[in-house]
Amino acid sequence: MDNFLAARLTMALSLAFHIIFACIGMTMPFLMVVSHWLWLKRKDEIYLRLTKAWSKGVAIFFAIGAVSGTALSFELGILWPGFMEHAGAIIGMPFSWEGTAFFVEAICLGLFLYGWKRLNPYVHWASGLMVGISGVAAGVFVVTANAWMNSPAGFDWVDGRAININPFAAMFNDAWISQTLHMTIAAFEATAFAVAGLHALLLIKNRQNVLHKRAMIIALTIGSFAAILQPLSGDFSAKDVATRQPIKLAAMEGLFETQQGAPLTIGGIPNEKTREMKYGIEIPKALSFLAFNDFDAEVKGLNDFPEEEWPPVLIVHIAFQIMVGCGVLLALLGILFWILRLKKKEALLSTKFLIAVAVCTPLGFIAVETGWIVTEVGRQPWIIYGIMKTIDSVTPVPGQVFHFLIFTILYLFLSVVAVWLMKRQIKALHEFGNNYYKNETVT
């Protein structure tokens, strides 16, 4: 394994690990806040215990996310000094704002965890709400920096140097709205469905556990809204990519030849050597319409671009197909949830529906991971699109294989810790739910 590949794998591993905790940090506080609000209004002990359990989960994931996020910040400087030399002054502002949001999140989380019976109940609830708001803000600020890498703005590039830097123009670049919107909705969708799936799995074991039922309903309510909105966000993002990064769109679809009235391909395997798409199902003119709102619009194919600027087409195409497939399944499950909730509530506890929810537990995070593969791998070979290539920004210092192994061990250790801690919380919550039901039936 060479130095360049090891550096890329280290960064990819760190991003793939951290993004899970970033999504949870953006979403779980809002689940906690909804449950807390229901406790304040109904004084039902189920909601109190659920709120406290979810708040402990927020604390656990916040701590692990802080470790992985700190590692990422160091990796940017250590592994990609060429990038930071030029980009640091341009995108420093969103990172500094993200740091501010992170500290606000930490302070408010402390207030919430230790504010029981010490703060006014509604001030206490507001501190929990601020945990969620600041978590979302931190995520948005980081994604704006990534959006800048896909849509560089706010500077003039002269003789290999950035001059006339405008941090506000850089931060609020052409891609920031589409990327932050898509990522924020994805975070809510992935986390909420994962939580719902976990409680559905436990409900299959004991259909009478009221705590798991209410937890699943809260999570599915939030997750279903996100899942139904996400296709609209995805359409907005695809149109943005079609305009700014046509080569990425071509790789996503495995489109080699420029076409008017280009078809949308479902599935398929692109062959870069023969420059053909095989085994795919084509929907005539659908890609042109989705990209440009015109069935006869021209969509550029990969053959219009130098081959050395192609991203890894097979990886990008398959990742895109998986992301879309997961999103469609979750949207359908979200629609089914509302149909049953409005028409046939008892079916929400049916074995078939609970199994469907449980099976879909990982789909949101699979969609998030593959979506980031599309975003990051689809931009290659550029680290700053059209300005600087990734290979030109990597550190010349050898030994990156060692770093990759160290970070792999670190993330495996953190994963084991997270699973162990959450297993303890879930076991305690499950036992309380079972005992609560028994007491409820007696009284």
# chains A, B, ... in the order shown; residues from 1 in each chain; ligands from 1

$ select_by_dssp --residues "segment 14-221 of chain A" --states "strand (DSSP E)" --output "number ranges by chain"
A: 156-158, 161-163

$ residues_around --residues "segment 60-75 of chain A" --least-positions-apart "2" --cutoff "7 Å" --atoms "only C-alpha atoms" --output "list of chain:residue names"
A:Ser14, A:His18, A:Phe21, A:Ala22, A:Gly25, A:Lys56, A:Gly57, A:Val58, A:Gly77, A:Ile78, A:Leu79, A:Leu414

$ closest_residue --among "A:Ala126, A:Val142, A:Pro381, A:Ser151" --to "Gly99 of chain A" --atoms "only C-alpha atoms"
A:Val142

$ atom_distance --atom1 "atom CA of Leu129 of chain A" --atom2 "atom CA of Pro29 of chain A"
7.0 Å

$ residues_around --residues "Leu232 of chain A" --least-positions-apart "3" --cutoff "12 Å" --atoms "only C-alpha atoms" --output "mmCIF file with C-alpha atoms, in the first residue's frame"
data_model
loop_
_atom_site.group_PDB
_atom_site.id
_atom_site.type_symbol
_atom_site.label_atom_id
_atom_site.label_comp_id
_atom_site.auth_asym_id
_atom_site.auth_seq_id
_atom_site.Cartn_x
_atom_site.Cartn_y
_atom_site.Cartn_z
ATOM 1 C CA SER A 178 -28.305 21.732 -1.565
ATOM 2 C CA LEU A 181 -30.278 20.441 3.229
ATOM 3 C CA HIS A 182 -29.700 16.959 1.865
ATOM 4 C CA ILE A 185 -32.588 15.517 6.265
ATOM 5 C CA ALA A 186 -30.485 12.373 5.788
ATOM 6 C CA PHE A 225 -41.296 13.074 7.560
ATOM 7 C CA ALA A 226 -37.584 13.112 6.730
ATOM 8 C CA ALA A 227 -37.871 10.082 4.433
ATOM 9 C CA ILE A 228 -40.787 11.576 2.493
ATOM 10 C CA LEU A 229 -39.000 14.936 2.128
ATOM 11 C CA ASP A 235 -33.932 16.027 -6.790
ATOM 12 C CA PHE A 236 -32.711 19.507 -5.818
ATOM 13 C CA SER A 237 -29.191 18.159 -5.229
ATOM 14 C CA ALA A 238 -29.144 16.232 -8.512
ATOM 15 C CA LYS A 239 -30.098 19.338 -10.484
ATOM 16 C CA LEU A 290 -34.678 14.984 -13.595
ATOM 17 C CA GLY A 327 -34.029 6.114 0.300
ATOM 18 C CA VAL A 328 -36.941 4.763 -1.731
ATOM 19 C CA ALA A 331 -39.882 6.652 1.967
#

$ residues_around --residues "Met130 of chain A" --least-positions-apart "6" --cutoff "10 Å" --atoms "only C-alpha atoms" --output "JSON, numbers by chain"
{"A": [29, 30, 33, 101, 104, 105, 106, 107, 108, 109, 112, 136]}

$ residues_around --residues "segment 45-55 of chain A" --least-positions-apart "5" --cutoff "7 Å" --atoms "only C-alpha atoms" --output "list in words"
Met32, Ser35, His36, Leu38, Trp39, Leu211 and Gln425 of chain A

$ atom_distance --atom1 "atom CA of Pro284 of chain A" --atom2 "atom CA of Thr258 of chain A"
14.2 Å

$ residues_around --residues "Trp338 of chain A" --least-positions-apart "5" --cutoff "10 Å" --atoms "only C-alpha atoms" --output "list in words"
Leu220, Thr221, Ser224, Phe225, Leu333, Lys343, Lys344, Lys345 and Leu348 of chain A

$ residues_around --residues "Gly82 of chain A" --least-positions-apart "4" --cutoff "7 Å" --atoms "only C-alpha atoms" --output "list in words"
His86, Asp392, Ser393 and Val394 of chain A

$ write_last_selection --atoms "C-alpha atoms" --output "compact mmCIF listing (two decimals), in the first residue's frame"
# COMPACT_ATOMS: atom_id res chain seq x y z
CA HIS A 86 -4.35 27.07 0.43
CA ASP A 392 -0.97 17.22 -5.14
CA SER A 393 -2.11 17.91 -1.58
CA VAL A 394 -1.07 14.70 0.21

$ select_by_dssp --residues "segment 101-344 of chain A" --states "alpha helix (DSSP H)" --output "MDAnalysis selection string"
chainID A and resid 101:114 121:150 167:171 176:205 210:244 246:253 286:292 313:343

$ write_last_selection --atoms "C-alpha atoms" --output "short mmCIF file (atom, residue, chain, number, x, y, z; two decimals), in the first residue's frame"
data_model
loop_
_atom_site.label_atom_id
_atom_site.label_comp_id
_atom_site.auth_asym_id
_atom_site.auth_seq_id
_atom_site.Cartn_x
_atom_site.Cartn_y
_atom_site.Cartn_z
CA ALA A 101 -21.68 25.45 17.97
CA PHE A 102 -19.88 22.41 19.42
CA PHE A 103 -19.12 24.26 22.66
CA VAL A 104 -22.71 25.51 22.93
CA GLU A 105 -23.89 21.94 22.41
CA ALA A 106 -21.55 20.66 25.14
CA ILE A 107 -22.65 23.33 27.63
CA CYS A 108 -26.36 22.77 26.99
CA LEU A 109 -25.95 19.00 27.19
CA GLY A 110 -24.33 19.43 30.60
CA LEU A 111 -27.20 21.65 31.72
CA PHE A 112 -29.73 19.09 30.55
CA LEU A 113 -28.02 16.07 32.08
CA TYR A 114 -27.51 17.70 35.48
CA PRO A 121 -38.79 22.55 34.00
CA TYR A 122 -39.26 24.56 30.81
CA VAL A 123 -35.79 26.12 31.01
CA HIS A 124 -34.50 22.58 31.42
CA TRP A 125 -36.47 21.49 28.36
CA ALA A 126 -35.12 24.49 26.40
CA SER A 127 -31.55 23.47 27.22
CA GLY A 128 -32.26 20.10 25.60
CA LEU A 129 -33.71 21.85 22.56
CA MET A 130 -30.52 23.92 22.29
CA VAL A 131 -28.48 20.71 22.24
CA GLY A 132 -30.33 19.72 19.08
CA ILE A 133 -30.21 23.16 17.46
CA SER A 134 -26.49 23.60 18.07
CA GLY A 135 -25.84 20.03 16.87
CA VAL A 136 -27.60 20.74 13.59
CA ALA A 137 -25.77 24.06 13.29
CA ALA A 138 -22.40 22.33 13.78
CA GLY A 139 -23.27 19.82 11.08
CA VAL A 140 -24.37 22.54 8.67
CA PHE A 141 -21.13 24.51 9.15
CA VAL A 142 -18.97 21.46 8.42
CA VAL A 143 -20.98 20.53 5.34
CA THR A 144 -20.64 24.09 3.98
CA ALA A 145 -16.87 23.58 4.04
CA ASN A 146 -17.28 20.37 2.09
CA ALA A 147 -19.65 22.13 -0.30
CA TRP A 148 -16.89 24.65 -0.98
CA MET A 149 -14.61 21.79 -2.05
CA ASN A 150 -17.25 20.85 -4.62
CA PRO A 167 -14.75 34.02 3.55
CA PHE A 168 -18.49 34.76 3.33
CA ALA A 169 -18.61 34.09 -0.41
CA ALA A 170 -16.62 30.91 0.18
CA MET A 171 -18.91 29.68 2.93
CA TRP A 176 -24.02 24.93 0.34
CA ILE A 177 -27.82 24.97 0.36
CA SER A 178 -28.30 21.73 -1.57
CA GLN A 179 -25.62 19.83 0.37
CA THR A 180 -26.57 21.03 3.86
CA LEU A 181 -30.28 20.44 3.23
CA HIS A 182 -29.70 16.96 1.87
CA MET A 183 -27.32 16.00 4.67
CA THR A 184 -29.50 17.37 7.48
CA ILE A 185 -32.59 15.52 6.27
CA ALA A 186 -30.48 12.37 5.79
CA ALA A 187 -29.26 12.61 9.39
CA PHE A 188 -32.82 12.77 10.75
CA GLU A 189 -33.95 9.98 8.46
CA ALA A 190 -31.07 7.62 9.26
CA THR A 191 -31.07 8.14 13.03
CA ALA A 192 -34.83 8.11 13.52
CA PHE A 193 -35.33 4.91 11.53
CA ALA A 194 -32.41 3.25 13.34
CA VAL A 195 -34.00 4.12 16.71
CA ALA A 196 -37.43 2.98 15.50
CA GLY A 197 -35.96 -0.28 14.20
CA LEU A 198 -34.26 -1.02 17.49
CA HIS A 199 -37.47 -0.51 19.47
CA ALA A 200 -39.45 -2.51 16.88
CA LEU A 201 -37.03 -5.40 17.32
CA LEU A 202 -37.59 -5.31 21.08
CA LEU A 203 -41.35 -5.04 20.55
CA ILE A 204 -41.28 -8.29 18.58
CA LYS A 205 -39.98 -9.96 21.75
CA VAL A 210 -45.56 0.24 26.21
CA LEU A 211 -42.23 2.06 26.40
CA HIS A 212 -40.93 0.55 23.15
CA LYS A 213 -44.23 1.22 21.43
CA ARG A 214 -44.20 4.91 22.30
CA ALA A 215 -40.50 5.23 21.48
CA MET A 216 -41.05 3.63 18.07
CA ILE A 217 -43.97 5.96 17.31
CA ILE A 218 -41.94 9.06 18.18
CA ALA A 219 -39.00 7.90 16.06
CA LEU A 220 -41.15 6.85 13.11
CA THR A 221 -43.03 10.14 13.15
CA ILE A 222 -39.81 12.11 12.77
CA GLY A 223 -38.14 9.60 10.45
CA SER A 224 -41.13 9.32 8.13
CA PHE A 225 -41.30 13.07 7.56
CA ALA A 226 -37.58 13.11 6.73
CA ALA A 227 -37.87 10.08 4.43
CA ILE A 228 -40.79 11.58 2.49
CA LEU A 229 -39.00 14.94 2.13
CA GLN A 230 -35.66 13.41 1.13
CA PRO A 231 -36.56 12.58 -2.50
CA LEU A 232 -37.39 16.26 -3.02
CA SER A 233 -34.05 17.24 -1.51
CA GLY A 234 -32.33 14.62 -3.66
CA ASP A 235 -33.93 16.03 -6.79
CA PHE A 236 -32.71 19.51 -5.82
CA SER A 237 -29.19 18.16 -5.23
CA ALA A 238 -29.14 16.23 -8.51
CA LYS A 239 -30.10 19.34 -10.48
CA ASP A 240 -27.34 21.24 -8.70
CA VAL A 241 -24.76 18.54 -9.54
CA ALA A 242 -25.93 18.45 -13.16
CA THR A 243 -25.13 22.15 -13.48
CA ARG A 244 -21.87 22.35 -11.50
CA PRO A 246 -21.66 17.23 -14.99
CA ILE A 247 -18.89 14.64 -14.90
CA LYS A 248 -20.07 13.49 -11.46
CA LEU A 249 -23.63 13.14 -12.76
CA ALA A 250 -22.36 11.09 -15.70
CA ALA A 251 -20.48 8.79 -13.31
CA MET A 252 -23.51 8.48 -11.03
CA GLU A 253 -25.58 7.30 -13.97
CA ALA A 286 -36.02 10.44 -17.43
CA LEU A 287 -32.46 11.59 -16.66
CA SER A 288 -32.80 14.66 -18.87
CA PHE A 289 -36.02 15.59 -17.11
CA LEU A 290 -34.68 14.98 -13.60
CA ALA A 291 -31.51 16.97 -14.32
CA PHE A 292 -32.94 19.88 -16.30
CA VAL A 313 -17.20 5.25 -12.31
CA LEU A 314 -18.13 1.79 -11.02
CA ILE A 315 -17.79 2.82 -7.35
CA VAL A 316 -19.73 6.07 -7.80
CA HIS A 317 -22.52 4.41 -9.82
CA ILE A 318 -23.03 1.50 -7.42
CA ALA A 319 -22.92 3.79 -4.36
CA PHE A 320 -25.49 6.08 -5.97
CA GLN A 321 -27.80 3.16 -6.76
CA ILE A 322 -27.58 1.84 -3.20
CA MET A 323 -28.26 5.30 -1.75
CA VAL A 324 -31.33 5.82 -3.92
CA GLY A 325 -32.59 2.29 -3.28
CA CYS A 326 -32.36 2.71 0.50
CA GLY A 327 -34.03 6.11 0.30
CA VAL A 328 -36.94 4.76 -1.73
CA LEU A 329 -37.53 1.88 0.69
CA LEU A 330 -37.53 4.22 3.70
CA ALA A 331 -39.88 6.65 1.97
CA LEU A 332 -42.29 3.79 1.23
CA LEU A 333 -42.09 2.63 4.85
CA GLY A 334 -42.74 6.19 6.01
CA ILE A 335 -45.85 6.41 3.84
CA LEU A 336 -47.04 3.02 5.09
CA PHE A 337 -46.56 4.20 8.68
CA TRP A 338 -48.89 7.15 8.18
CA ILE A 339 -51.50 5.06 6.37
CA LEU A 340 -51.59 2.59 9.25
CA ARG A 341 -51.48 5.28 11.90
CA LEU A 342 -54.44 7.13 10.38
CA LYS A 343 -56.48 4.14 9.24
#
